[in-house]
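Participant: Have a look at the structure that comes next, please.
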Amino acid sequence: MTRTAKTFTLLGLAGFVLITLVPFWWIASMSFKTYEQIQFATSIYIPRPFTWENYTALLTSTRFPLWLKNSLVTAVVVTAITTVIASLAGYAVARLRFPGRESVASLILILYLVPPALLFIPLYRVLAELGATNRLAALFLSYPTFTVPFCTWLLIGFFKALPTELEEAAFVDGAGRVAALTRVLLPLAAPGIVASAIFAFTLSWNEFLYALVFIQDETTVTVPVGLNLLIYGDVFSWGQLMAASVITTLPVVALYIFIHRWMVEGLAAGAVKG
Amino acid sequence: MIRARAHRDTGAAFLFLLPLLVLVVGLIAYPFARALWLSLTDKYVGYPERFVGLRNYLYLLHDDTFHEVVRNTLVFTTGSLALKVVTGLAMALVLNSVWRWRSFFRGLFLLPWITSTVIIALTWRWMFDAFPGRGFFNSVLIDLGLLRRPIAFMADPAGAMLAVIVANWWRGFPFFGVSYLAAMQAIPGELYDAASVDGAGARERFWHVTLPGLKHVIVVTLVLSFLMTINDFNIIYVMTRGGPGTATQVFATYSYEVAFNQLRWGRGVTIPIFLVPVLVVGIVLVSRYLLRERAAP
Amino acid sequence: MADHHVSRHVSRRKFLAGAAGASAVLALPGLGFPQVKKGAHLRLWILKTYVEPTNKAIEASAQRWAQSHGATVTVEYFTFEDMQTKYVAAIENRNTPDVGQLETGAPARFAGMGQLLELTSFARQIEGQVGKLSANVAPVAMADGKMYAVPWYILAAFWYVWRDVFEKNGVKLPTTFAEAKQAAQALNRPKDNFYGMGQSWNRTADGYGVMQSLMYSHGVGWAGKDGKYKSIKTPAMQTVMRWATDIYKEGLQPADTLTWTGSGNNENFIAKNIAQTSNGPSITFALENAVAKATDAADRKRKEEALANHLALPHPGGPDGRRMWAIAMSFGIFKNSKDPDAAMSLVAHLLSPEETLSVMRDSSGQFAPVLDKARAAAQDYFNKNENYRTFGRAAEWFVATGWPGPVTAAAAEVQATNVLTDAPAKVIVDKWSVEQAIDWEDKKIKEVYGTLGA
C-alpha cells in the first residue's frame, strides 16, 4: 500500500471512530454527572466529580429493573417464536418444491416492508379483540409481524447457499424431510440461524411504537417506553435517562462483541447478496 | 430425478409454512384490511365508525399540513439516504484497506446500528442542544472560540430537519457500510489487476471496477432504507415531536397525532395508506432485483 | 358537505342521549352512601407528576380506603406524555379503569363518547362531606348540563421572576402581559446570554396553556357562551398574536426557546438564563430540593439565596382581566366499571378534605384544591410564604378550555390539534404575517367545530 493510501485509511478510520464513539461518550459522561453539574454546566466534557448517583437512583427508586426484565422476557420469547417460524418457512421456500414458491418469496419480502406505522391502529384493535393488550403477550404477538419476515428472508438466503448434495445424500440414506432438516441442514445453517436470532433479539429489544401504543401499565412496559416515562412532563431526569441508556445499550453490545462476525455474515449473505 | 417432481413437496411445504401463514393472515393481512376499511370511515375514538367513502382521502389532499408532511418526509428521506450512501461507501473503502483488526473496527462501527432508536434520538437531541454546556456541538464550537453564542439548531426548520436527518443517518450508515464492504470483498481481485495493467489509477479503479461491482447492493440498500425511512416514527417523535411548528412532521408522526391527540382514527389511518403506492413500487423494484439475483446460480 | 355535517351532528346527539340514558340506570339508586361489598377490586389511574411524594401520597390514600373497606386498589400511573394514548387505548379496548383522573378537557370528550358514568346526583350527595365547587371550575366536569366528573385540584401556572434581577434594574414586577414584555425589554442582555423572557409555544401545557391564558385575558375565545364556534379574526386576537410573536422577533428570548419541551423553561430559569417564565410550581420544588441537597455551607448559602430570590407571581392578566388556563384534574368513573358503588366510595374518600390535605402537603405547592372545604382547610399550608400564598389562590383565576363557553369535545380538540401554538410558530418560523396566521388558525378551528358539532 502506498504511503498516501495508508494516510487516507488512517484518517478515515480515525474519522469513523470519532463519529461512532463521540455520541456514546457524550451520553455516558452525562450519566456520571450530578444534577447540578448538568444544570449549571460545570464540568462539560468529563464528569468531575464523578458520581454513580444516577445509576443507584435508577436501580433503586424507579421501575427500571422491572422494565429491563420485561424487555428481556419479550426479546427472548419473540426470538424463540421468530426462529422457529422463520427457520421452517425459510427452509420451505429455499429447498422445497411446490407451486407458488416464488409468490411466497415475494410475499415475505412484501411483509418485511409493511411499516408498523401503517398497522399500529388496526393491530391495536385486533389485539384488543384477543384480550392481549396491556400485557407482554401483545408484544409476543405483534413483534413477529416484523421479525419473522425479516428473519425468513435472511434464512432463505442461508438455506439456498448450502450445497444441495448434502441433503440429497441424506435422502439417499433414507432420511425423511424432517430428519434431513434437523440432522443435516440445521447444523450447517446454524450461523445463519444465530444471526437471524440476534436480529430478532435486537429488533425486539429496541422496538418503541408498538410498545408505546399496546401497553399502558407502568409495570408492564419495556425499556424504550420506560425511558419515556422517566421524562416527567415538566422535569427531565436527564442523568437518570442517560444512565438508563447506558445500561440498556450494554447487553446488546456485549452480546454483539461475541457474535458480530456471524451477524455481519448473515447480513451479507442473507439480506443483501441474495 | 428430484428436479422432475416439481410438486412433490407441497404437503411438507404447507406444514412448514403454516405458522407463517397464520401470522400473516391474523396479524398482518387482517389488520391491514381493517386499516383500509377504517380509512373509509369517520371512526372517532369512542364512537362507532360509519362509512364515509373517500372523504378522509379528499380531506388530506386539501390539507395544508398534510402537504407539508409530504414535503418534510421527502426531504428527510432523501437527505438521510444520500448521507448514508456516501458515508457507507467511505466506511467500506476505509475498512477494505485496513490491514489489521478489520473485524474489530467493523464491529465498532456497527454499534450505532444496534443501539435502540429511542436512545439514539435522545442522544442526538443532546448533541444538538443549545442549553449551555449540554449540547456537544455548541460546547465544542464555543470552547474553540468559533462561536460566541450557542446556535439553536432545533429552533430553525432547516436546523431541526438537519438534526433528525443526522440522527437517522447515524443509525443507518453502518448497515450500508457493512453491506458495501461485503460486496467489495466479493469483487474478484483479477478485475483490479486487469485494470491496473491497463494503467488505471486508484480513482479509475474505484469508478470502473468498485462502483459497478457495488451497483446491485447500492440499489438494494437504497430501496430498503427508503422504505424504512419514509415510515420512520421514533426519531422524530422523540427528538422534535414534529416541530418547530410542523417543520419536521412526517407521515408516521402526523398519523399518530391525528389518531391519538385529535382522536380521529379514520383520518389517522388514512395518512400512512397514502404511502402504499410508494411501498408497492419500492417492493416491486426490490423484489425483482433480489429474486432475480437469487434465481441466478 | 354541509348536509353531512348536520346528519353527523344529529347522530352524535342521539348517541349522547343514549349514553346518558344508560348512565342514569347505572347511577346510584336511592339516597345514602355507596355501599362497598367485601372483596371489591378497583383500578385507579392517576397522573404521575414530577413531584414524586405527591404520587406516593395519592397511592397511600387509595390504599387507606382499600384497607378500611376490605377491598383492593390497583394504582396505575400515566404521565403528561402518555395520558392521551393511554385513555384512547383503554377506551377502544374496553379496558378503562374504574376510576380515572381526567385532565381539563377529558370529561367533556369522554362523556361525549358515553364512557363516563353520570355523577350529578352522586356529586350532590357528597357535597356535604367534600364541599362545593366554585363556578369557574365547575364547567370542567360538565357536559350537556350534567356532571360527569368531580374536580379535585388544579395544577396551575404562575409567572416566575427573579426578584433580585428586577430589583437591581429597578424594573416593576409585571401584572399584565404587556408589562411582562416591557420588563423583558428592560432586562434583556443577550451579550451575556441573559434574556428577558422564556415563553415557548410548544406542545405542552407550557405552550397551549399560556396561549389560552393570553387569549382569554384579552377577551378572545374561539367559542361563544353557548359553546358554538366564534371567529377569532378580531383586533384583540391580533394583539395576542403580536405579543406571542414579538417576544421572539425582538430577540427577548434565548434562540432555542421554541424547541423547549416542558422542562426547557424550568432549566433555563433555574440556570438564570432568563428573567421570567410561566410555569407550574415545579421550579419551586426544584429549588427547595436543591437546598436540601446542599453539600457545604457556601453551597447552601447560594441555594438559599436562589430560593429566596425566585418569585411566583399570579399569572399576568390582559385588558379583559386575569384569566389563567390550567390543568384541572377531576375524578371520573368509567361506565365499564364492574363495581360503580365501590368506585364512588373511593372517589368520595379521595375527595374528602382530610385525604385531599394529606396529598397536598406532599406537593410542594403544585396541588391547589378546588372544593371549598379543602380550600378552607388548606389555608395554613399556603401561608408558608409569599409564593405559596400565590399558589393557594390559583382557583380564583382559573378558566377552562373553550372559555367563555362550556368545555366541549370540540374545544378540547382545538387544544389537542396544537393549532393554538402552531399559529404563532408559523409567524416566527415560516415568517407568515400575523393576519395570515390568524386566518389559518380560524379556519382550522372552524373545521373542528364543523365536523364535531358543539
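Identifiers in the C-alpha cells: chain A, B, ... in order shown; residue index from 1 per chain; ligand index from 1 in order shown.
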For the helix (DSSP H, G or I) assignment from backbone DSSP, which residues of region 47-218 of chain A qualify? Please present them as a ChimeraX atom specification.
Facilitator: /A:53-61,64-95,101-113,116-129,136-142,144-161,164-172,177-206,209-214
Participant: What would the file look like if the residues just selected were written as a compact mmCIF listing (two decimals), in the first residue's frame with C-alpha atoms?
Facilitator:
```txt
# COMPACT_ATOMS: atom_id res chain seq x y z
CA GLU A 53 -25.94 8.60 41.86
CA ASN A 54 -27.93 8.39 38.63
CA TYR A 55 -27.34 4.66 38.46
CA THR A 56 -28.22 3.99 42.06
CA ALA A 57 -31.32 6.18 41.83
CA LEU A 58 -32.35 4.47 38.62
CA LEU A 59 -31.97 0.99 40.04
CA THR A 60 -33.44 1.65 43.45
CA SER A 61 -36.13 4.29 43.09
CA PHE A 64 -36.20 0.40 35.57
CA PRO A 65 -35.15 -3.09 36.75
CA LEU A 66 -38.68 -4.28 36.04
CA TRP A 67 -38.61 -2.72 32.57
CA LEU A 68 -35.31 -4.42 31.88
CA LYS A 69 -36.88 -7.71 32.85
CA ASN A 70 -39.88 -7.05 30.59
CA SER A 71 -37.62 -6.19 27.71
CA LEU A 72 -35.56 -9.29 28.25
CA VAL A 73 -38.56 -11.61 28.52
CA THR A 74 -40.11 -10.07 25.42
CA ALA A 75 -36.92 -10.28 23.40
CA VAL A 76 -36.29 -13.91 24.38
CA VAL A 77 -39.84 -15.08 23.69
CA VAL A 78 -40.07 -13.20 20.40
CA THR A 79 -36.68 -14.52 19.33
CA ALA A 80 -37.77 -18.08 20.05
CA ILE A 81 -41.06 -17.71 18.17
CA THR A 82 -39.32 -15.99 15.31
CA THR A 83 -36.57 -18.53 14.98
CA VAL A 84 -38.98 -21.44 14.76
CA ILE A 85 -41.35 -19.84 12.27
CA ALA A 86 -38.61 -18.31 10.16
CA SER A 87 -36.45 -21.44 10.01
CA LEU A 88 -39.36 -23.56 8.87
CA ALA A 89 -40.54 -21.05 6.31
CA GLY A 90 -37.05 -20.20 5.13
CA TYR A 91 -36.27 -23.83 4.60
CA ALA A 92 -39.52 -24.48 2.75
CA VAL A 93 -39.01 -21.60 0.35
CA ALA A 94 -35.35 -22.33 -0.24
CA ARG A 95 -35.41 -26.08 -0.55
CA ARG A 101 -42.94 -20.89 -4.30
CA GLU A 102 -41.90 -17.68 -5.99
CA SER A 103 -45.03 -15.88 -4.80
CA VAL A 104 -44.32 -16.93 -1.24
CA ALA A 105 -40.83 -15.48 -1.56
CA SER A 106 -42.24 -12.19 -2.85
CA LEU A 107 -44.89 -12.21 -0.16
CA ILE A 108 -42.25 -12.47 2.54
CA LEU A 109 -40.42 -9.54 1.10
CA ILE A 110 -43.62 -7.50 0.96
CA LEU A 111 -44.36 -8.36 4.59
CA TYR A 112 -40.88 -7.31 5.56
CA LEU A 113 -41.63 -3.92 4.12
CA PRO A 116 -45.53 -0.64 11.64
CA ALA A 117 -46.76 2.91 11.20
CA LEU A 118 -49.48 1.54 8.94
CA LEU A 119 -50.54 -1.24 11.25
CA PHE A 120 -50.44 0.13 14.76
CA ILE A 121 -54.01 1.38 14.84
CA PRO A 122 -55.80 -1.65 13.38
CA LEU A 123 -53.42 -4.08 15.07
CA TYR A 124 -54.35 -2.47 18.33
CA ARG A 125 -57.97 -3.38 17.77
CA VAL A 126 -57.12 -6.93 16.78
CA LEU A 127 -55.06 -7.40 19.91
CA ALA A 128 -57.88 -5.90 21.94
CA GLU A 129 -60.26 -8.45 20.48
CA LEU A 136 -46.42 -8.58 27.27
CA ALA A 137 -48.49 -11.01 25.21
CA ALA A 138 -49.36 -8.04 22.99
CA LEU A 139 -45.69 -7.75 22.12
CA PHE A 140 -45.19 -11.50 21.73
CA LEU A 141 -47.91 -11.41 19.12
CA SER A 142 -47.08 -8.17 17.37
CA PRO A 144 -43.15 -11.32 14.99
CA THR A 145 -45.01 -9.29 12.37
CA PHE A 146 -41.72 -7.55 11.63
CA THR A 147 -39.12 -10.02 12.95
CA VAL A 148 -40.45 -13.07 11.11
CA PRO A 149 -40.46 -11.63 7.57
CA PHE A 150 -37.00 -10.19 8.06
CA CYS A 151 -35.52 -13.36 9.51
CA THR A 152 -37.26 -15.60 6.99
CA TRP A 153 -35.80 -13.54 4.21
CA LEU A 154 -32.34 -13.85 5.78
CA LEU A 155 -32.69 -17.60 6.19
CA ILE A 156 -33.90 -18.22 2.67
CA GLY A 157 -30.55 -16.90 1.57
CA PHE A 158 -28.74 -19.13 4.01
CA PHE A 159 -30.54 -22.29 3.12
CA LYS A 160 -30.11 -21.59 -0.57
CA ALA A 161 -26.39 -21.14 -0.11
CA THR A 164 -27.92 -29.48 -2.14
CA GLU A 165 -25.75 -32.57 -2.39
CA LEU A 166 -25.70 -32.99 1.37
CA GLU A 167 -29.43 -33.08 1.63
CA GLU A 168 -29.74 -35.42 -1.30
CA ALA A 169 -27.20 -37.67 0.33
CA ALA A 170 -29.38 -37.75 3.40
CA PHE A 171 -32.37 -38.75 1.26
CA VAL A 172 -30.38 -41.48 -0.31
CA ARG A 177 -37.70 -34.34 5.17
CA VAL A 178 -37.71 -33.55 8.84
CA ALA A 179 -34.64 -35.62 9.54
CA ALA A 180 -32.84 -34.02 6.64
CA LEU A 181 -33.71 -30.64 8.04
CA THR A 182 -32.81 -31.30 11.65
CA ARG A 183 -29.79 -33.53 11.20
CA VAL A 184 -28.12 -32.18 8.15
CA LEU A 185 -29.27 -28.70 7.27
CA LEU A 186 -29.88 -27.10 10.65
CA PRO A 187 -26.37 -27.69 11.95
CA LEU A 188 -24.99 -26.32 8.73
CA ALA A 189 -27.27 -23.32 8.82
CA ALA A 190 -26.53 -22.63 12.48
CA PRO A 191 -24.54 -19.46 11.79
CA GLY A 192 -27.44 -18.09 9.78
CA ILE A 193 -29.97 -19.06 12.40
CA VAL A 194 -27.91 -17.49 15.16
CA ALA A 195 -27.55 -14.36 13.08
CA SER A 196 -31.27 -14.16 12.48
CA ALA A 197 -31.94 -14.81 16.16
CA ILE A 198 -29.69 -11.92 17.10
CA PHE A 199 -31.52 -9.69 14.67
CA ALA A 200 -34.83 -10.71 16.13
CA PHE A 201 -33.49 -10.04 19.61
CA THR A 202 -32.14 -6.62 18.70
CA LEU A 203 -35.29 -5.59 16.86
CA SER A 204 -37.50 -6.58 19.81
CA TRP A 205 -35.16 -5.06 22.36
CA ASN A 206 -35.28 -1.71 20.62
CA LEU A 209 -44.03 2.32 18.66
CA TYR A 210 -45.97 -0.89 19.38
CA ALA A 211 -44.82 -0.96 22.97
CA LEU A 212 -45.90 2.65 23.38
CA VAL A 213 -49.36 2.03 21.99
CA PHE A 214 -50.19 -1.51 23.15
```
Participant: Sorted by chain and rising residue number, which residues of chain B lie within 9 Å of chain C, and what are their closest atom pairs and distances in Å to one decimal, counting only C-alpha atoms, as a tab-separated table?
Facilitator:
```
residue	atom	partner	partner_atom	distance
B:Val45	CA	C:Glu92	CA	6.6
B:Gly46	CA	C:Met113	CA	4.9
B:Tyr47	CA	C:Met113	CA	5.9
B:Asp129	CA	C:Asp256	CA	8.4
B:Ala130	CA	C:Asp256	CA	6.4
B:Phe131	CA	C:Asn268	CA	7.7
B:Arg148	CA	C:Lys191	CA	8.8
B:Arg149	CA	C:Asn193	CA	7.3
B:Pro150	CA	C:Ala255	CA	8.2
B:Ile151	CA	C:Ala255	CA	7.3
B:Ala152	CA	C:Asp256	CA	4.6
B:Phe153	CA	C:Asp256	CA	7.4
B:Met154	CA	C:Thr259	CA	6.0
B:Ala155	CA	C:Asp256	CA	5.1
B:Asp156	CA	C:Val429	CA	6.7
B:Pro157	CA	C:Val429	CA	7.0
B:Thr240	CA	C:Thr259	CA	7.5
B:Arg241	CA	C:Arg203	CA	8.2
B:Gly243	CA	C:Thr259	CA	7.4
B:Pro244	CA	C:Thr259	CA	6.2
B:Gly245	CA	C:Asp422	CA	4.9
B:Thr246	CA	C:Asp422	CA	7.2
B:Ala247	CA	C:Val429	CA	8.7
B:Glu257	CA	C:Thr417	CA	7.9
B:Val258	CA	C:Thr417	CA	7.7
B:Ala259	CA	C:Val88	CA	9.0
B:Phe260	CA	C:Thr85	CA	5.8
B:Asn261	CA	C:Ala416	CA	5.4
B:Gln262	CA	C:Glu413	CA	5.8
B:Leu263	CA	C:Val88	CA	7.5
```
Participant: So the first atom is CA of Gln249 (chain B) and the second is CA of Val276 (chain B); what is the distance between them in Å, to one decimal place?
Facilitator: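 The value is 18.6 Å.
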Participant: May I have a table of the residues of chain A lying at most 10 Å from chain C, giving each one's closest pair of atoms and their distance in Å to one decimal, counting only C-alpha atoms, ordered by chain and ascending residue number, as a tab-separated table?
Facilitator:
```
residue	atom	partner	partner_atom	distance
A:Tyr35	CA	C:Ala290	CA	9.4
A:Glu36	CA	C:Ala290	CA	8.6
A:Ile38	CA	C:Glu267	CA	9.8
A:Gln39	CA	C:Ala271	CA	6.6
A:Phe40	CA	C:Ala271	CA	6.0
A:Ala41	CA	C:Ala271	CA	9.1
A:Ile121	CA	C:Ala89	CA	9.6
A:Tyr124	CA	C:Ala89	CA	8.0
A:Arg125	CA	C:Asn93	CA	7.0
A:Val126	CA	C:Asn93	CA	9.6
A:Leu127	CA	C:Asn93	CA	8.7
A:Ala128	CA	C:Asn93	CA	5.3
A:Glu129	CA	C:Asn93	CA	7.7
A:Gly131	CA	C:Asn93	CA	8.4
A:Ala132	CA	C:Asn93	CA	9.8
A:Thr133	CA	C:Asn93	CA	7.8
A:Asn134	CA	C:Asn95	CA	9.0
A:Leu212	CA	C:Thr85	CA	8.3
A:Val213	CA	C:Thr85	CA	6.7
A:Phe214	CA	C:Ala89	CA	7.5
A:Ile215	CA	C:Lys86	CA	8.2
A:Gln216	CA	C:Lys86	CA	5.8
A:Asp217	CA	C:Glu76	CA	6.3
A:Glu218	CA	C:Tyr77	CA	6.6
A:Thr219	CA	C:Glu76	CA	8.6
A:Val225	CA	C:Asp82	CA	9.8
A:Asn228	CA	C:Glu81	CA	7.9
A:Leu229	CA	C:Thr79	CA	7.0
A:Leu230	CA	C:Thr79	CA	9.4
A:Ile231	CA	C:Glu81	CA	8.0
A:Tyr232	CA	C:Tyr50	CA	5.4
A:Gly233	CA	C:Phe80	CA	5.3
A:Asp234	CA	C:Gly262	CA	4.6
A:Val235	CA	C:Ser263	CA	4.8
A:Phe236	CA	C:Ser263	CA	6.1
A:Ser237	CA	C:Tyr50	CA	9.4
```
Participant: Suppose we keep N, CA and C atoms; can you now write the selection as a compact mmCIF listing (two decimals), in the first residue's frame?
Facilitator:
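So the final result, stored in part39.txt, reads:
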```
# COMPACT_ATOMS: atom_id res chain seq x y z
N TYR A 35 -26.99 16.19 39.06
CA TYR A 35 -27.98 17.12 38.53
C TYR A 35 -27.39 18.52 38.40
N GLU A 36 -26.64 18.92 39.43
CA GLU A 36 -26.06 20.26 39.44
C GLU A 36 -25.08 20.46 38.29
N ILE A 38 -25.04 19.05 35.46
CA ILE A 38 -25.74 19.17 34.18
C ILE A 38 -26.44 20.53 34.10
N GLN A 39 -27.12 20.88 35.20
CA GLN A 39 -27.93 22.10 35.18
C GLN A 39 -27.07 23.36 35.04
N PHE A 40 -25.92 23.38 35.69
CA PHE A 40 -25.12 24.60 35.64
C PHE A 40 -23.87 24.46 34.80
N ALA A 41 -23.81 23.38 34.00
CA ALA A 41 -22.73 23.20 33.04
C ALA A 41 -21.35 23.38 33.67
N ILE A 121 -52.63 1.12 14.43
CA ILE A 121 -54.01 1.38 14.84
C ILE A 121 -54.89 0.13 14.70
N TYR A 124 -53.91 -2.70 16.96
CA TYR A 124 -54.35 -2.47 18.33
C TYR A 124 -55.73 -3.09 18.57
N ARG A 125 -56.60 -2.88 17.59
CA ARG A 125 -57.97 -3.38 17.77
C ARG A 125 -57.99 -4.91 17.72
N VAL A 126 -57.17 -5.47 16.85
CA VAL A 126 -57.12 -6.93 16.78
C VAL A 126 -56.64 -7.51 18.10
N LEU A 127 -55.59 -6.91 18.64
CA LEU A 127 -55.06 -7.40 19.91
C LEU A 127 -56.09 -7.22 21.03
N ALA A 128 -56.84 -6.12 20.94
CA ALA A 128 -57.88 -5.90 21.94
C ALA A 128 -58.93 -7.00 21.86
N GLU A 129 -59.27 -7.39 20.64
CA GLU A 129 -60.26 -8.45 20.48
C GLU A 129 -59.75 -9.77 21.05
N GLY A 131 -57.94 -9.87 23.57
CA GLY A 131 -57.71 -9.65 25.00
C GLY A 131 -56.24 -9.62 25.37
N ALA A 132 -55.42 -9.20 24.44
CA ALA A 132 -53.98 -9.30 24.68
C ALA A 132 -53.32 -7.96 24.97
N THR A 133 -54.08 -6.87 24.97
CA THR A 133 -53.39 -5.60 25.19
C THR A 133 -53.06 -5.42 26.66
N ASN A 134 -52.13 -4.52 26.88
CA ASN A 134 -51.68 -4.19 28.23
C ASN A 134 -50.97 -5.35 28.91
N LEU A 212 -45.29 1.40 22.91
CA LEU A 212 -45.90 2.65 23.38
C LEU A 212 -47.42 2.59 23.30
N VAL A 213 -47.92 2.00 22.23
CA VAL A 213 -49.36 2.03 21.99
C VAL A 213 -50.07 0.86 22.69
N PHE A 214 -49.47 -0.31 22.70
CA PHE A 214 -50.19 -1.51 23.15
C PHE A 214 -50.16 -1.72 24.65
N ILE A 215 -49.19 -1.12 25.34
CA ILE A 215 -49.06 -1.39 26.77
C ILE A 215 -49.25 -0.09 27.55
N GLN A 216 -50.12 -0.14 28.55
CA GLN A 216 -50.35 1.06 29.34
C GLN A 216 -49.82 0.95 30.75
N ASP A 217 -49.80 -0.26 31.28
CA ASP A 217 -49.42 -0.43 32.67
C ASP A 217 -47.92 -0.19 32.86
N GLU A 218 -47.62 0.67 33.81
CA GLU A 218 -46.22 1.06 34.01
C GLU A 218 -45.34 -0.11 34.42
N THR A 219 -45.94 -1.14 35.01
CA THR A 219 -45.12 -2.27 35.42
C THR A 219 -44.90 -3.25 34.26
N VAL A 225 -40.02 2.42 26.21
CA VAL A 225 -41.17 3.20 26.68
C VAL A 225 -40.91 3.69 28.09
N ASN A 228 -39.19 6.85 28.23
CA ASN A 228 -40.11 7.98 28.06
C ASN A 228 -40.84 8.31 29.36
N LEU A 229 -41.06 7.29 30.18
CA LEU A 229 -41.73 7.54 31.46
C LEU A 229 -40.82 8.31 32.41
N LEU A 230 -39.52 8.19 32.20
CA LEU A 230 -38.60 8.94 33.06
C LEU A 230 -38.68 10.43 32.76
N ILE A 231 -39.28 10.76 31.64
CA ILE A 231 -39.42 12.15 31.28
C ILE A 231 -40.74 12.65 31.86
N TYR A 232 -40.70 13.13 33.05
CA TYR A 232 -41.93 13.63 33.67
C TYR A 232 -42.20 14.99 33.07
N GLY A 233 -43.37 15.18 32.54
CA GLY A 233 -43.74 16.40 31.84
C GLY A 233 -42.84 17.60 32.04
N ASP A 234 -42.64 18.00 33.27
CA ASP A 234 -42.02 19.28 33.50
C ASP A 234 -40.54 19.20 33.82
N VAL A 235 -40.08 18.05 34.21
CA VAL A 235 -38.69 17.94 34.63
C VAL A 235 -38.08 16.69 34.02
N PHE A 236 -37.02 16.88 33.31
CA PHE A 236 -36.30 15.74 32.78
C PHE A 236 -35.30 15.27 33.81
N SER A 237 -35.28 13.97 34.13
CA SER A 237 -34.15 13.49 34.92
C SER A 237 -33.10 13.03 33.92
```
Participant: Point out the residue among A:Ala14, A:Ala254, A:Met30, A:Ile44 with the least atom-to-atom distance to chain B, counting only C-alpha atoms.
Facilitator: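 Of the candidates, the smallest distance to chain B is held by A:Ile44.
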Participant: Please find the residues of chain B near chain A - the criterion being any atom within 7 Å, counting only C-alpha atoms - and write them as a PyMOL selection string.
Facilitator: chain B and resi 6-10+13+16-17+19-20+27-28+31-32+34-35+94+97-98+107+109+112+114-119+123+132-134+179+182+217+227+231+234+252+269+272-273+283+287+290+293-294
Participant: Show which residues sit within 6 Å of region 314-319 of chain C, as a list in words. Count only C-alpha atoms, and ignore same-chain residues fewer than 5 positions away.
Facilitator: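 So, after excluding close chain neighbours, the residues are Phe158, Trp159, Thr175, Thr176, Phe177, Ser217 and His218 of chain C.
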Participant: Convert the current residue selection to file output with N, CA and C atoms, as a PDB file, in the first residue's frame.
Facilitator:
```pdb
ATOM      1  N   PHE C 158     -47.845  29.827  37.081  1.00  0.00           N
ATOM      2  CA  PHE C 158     -47.586  31.134  37.693  1.00  0.00           C
ATOM      3  C   PHE C 158     -46.495  31.827  36.911  1.00  0.00           C
ATOM      4  N   TRP C 159     -46.344  33.109  37.179  1.00  0.00           N
ATOM      5  CA  TRP C 159     -45.353  33.864  36.426  1.00  0.00           C
ATOM      6  C   TRP C 159     -44.091  33.963  37.267  1.00  0.00           C
ATOM      7  N   THR C 175     -47.794  42.744  36.102  1.00  0.00           N
ATOM      8  CA  THR C 175     -49.100  42.185  36.421  1.00  0.00           C
ATOM      9  C   THR C 175     -49.884  41.874  35.147  1.00  0.00           C
ATOM     10  N   THR C 176     -49.398  42.384  34.000  1.00  0.00           N
ATOM     11  CA  THR C 176     -50.076  42.094  32.738  1.00  0.00           C
ATOM     12  C   THR C 176     -49.052  41.592  31.730  1.00  0.00           C
ATOM     13  N   PHE C 177     -49.563  41.010  30.652  1.00  0.00           N
ATOM     14  CA  PHE C 177     -48.673  40.531  29.598  1.00  0.00           C
ATOM     15  C   PHE C 177     -47.875  41.684  28.999  1.00  0.00           C
ATOM     16  N   SER C 217     -57.361  36.333  28.540  1.00  0.00           N
ATOM     17  CA  SER C 217     -57.146  37.597  29.266  1.00  0.00           C
ATOM     18  C   SER C 217     -57.335  38.797  28.351  1.00  0.00           C
ATOM     19  N   HIS C 218     -57.253  38.562  27.046  1.00  0.00           N
ATOM     20  CA  HIS C 218     -57.542  39.625  26.090  1.00  0.00           C
ATOM     21  C   HIS C 218     -58.984  39.571  25.607  1.00  0.00           C
TER      22      HIS C 218
END
```
Participant: Within region 40-246 of chain A, find each residue whose DSSP state, derived from the backbone, is strand (DSSP E), and express the selection as a PyMOL selection string.
Facilitator: chain A and resi 231-232+235-236
Participant: Name the closest residue to Ala121 (chain B) among the candidates B:Arg71, B:Arg171, B:Arg50, B:Arg102; distances are taken between atoms, counting only C-alpha atoms.
Facilitator: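 The answer is B:Arg171, which sits nearest to Ala121 (chain B).
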Participant: Find the spatial neighbours of Val219 (chain B), counting only C-alpha atoms, within a cut-off of 12 Å - ignore same-chain residues fewer than 3 positions away - and output them as a PyMOL selection string.
Facilitator: (chain A and resi 272-273) or (chain B and resi 81+85+176+179-180+211-216+222-226+282+285-290)
Participant: To one decimal place in Å, what is the distance between CA of Ala108 (chain C) and CA of Gly221 (chain C)?
Facilitator: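 If I compute the distance from CA of Ala108 (chain C) to CA of Gly221 (chain C), I get 17.7 Å.
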Participant: So the first atom is CA of Leu42 (chain C) and the second is CA of Asp98 (chain C); what is the distance between them in Å, to one decimal place?
Facilitator: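 So the two atoms, CA of Leu42 (chain C) and CA of Asp98 (chain C), lie 5.9 Å apart.
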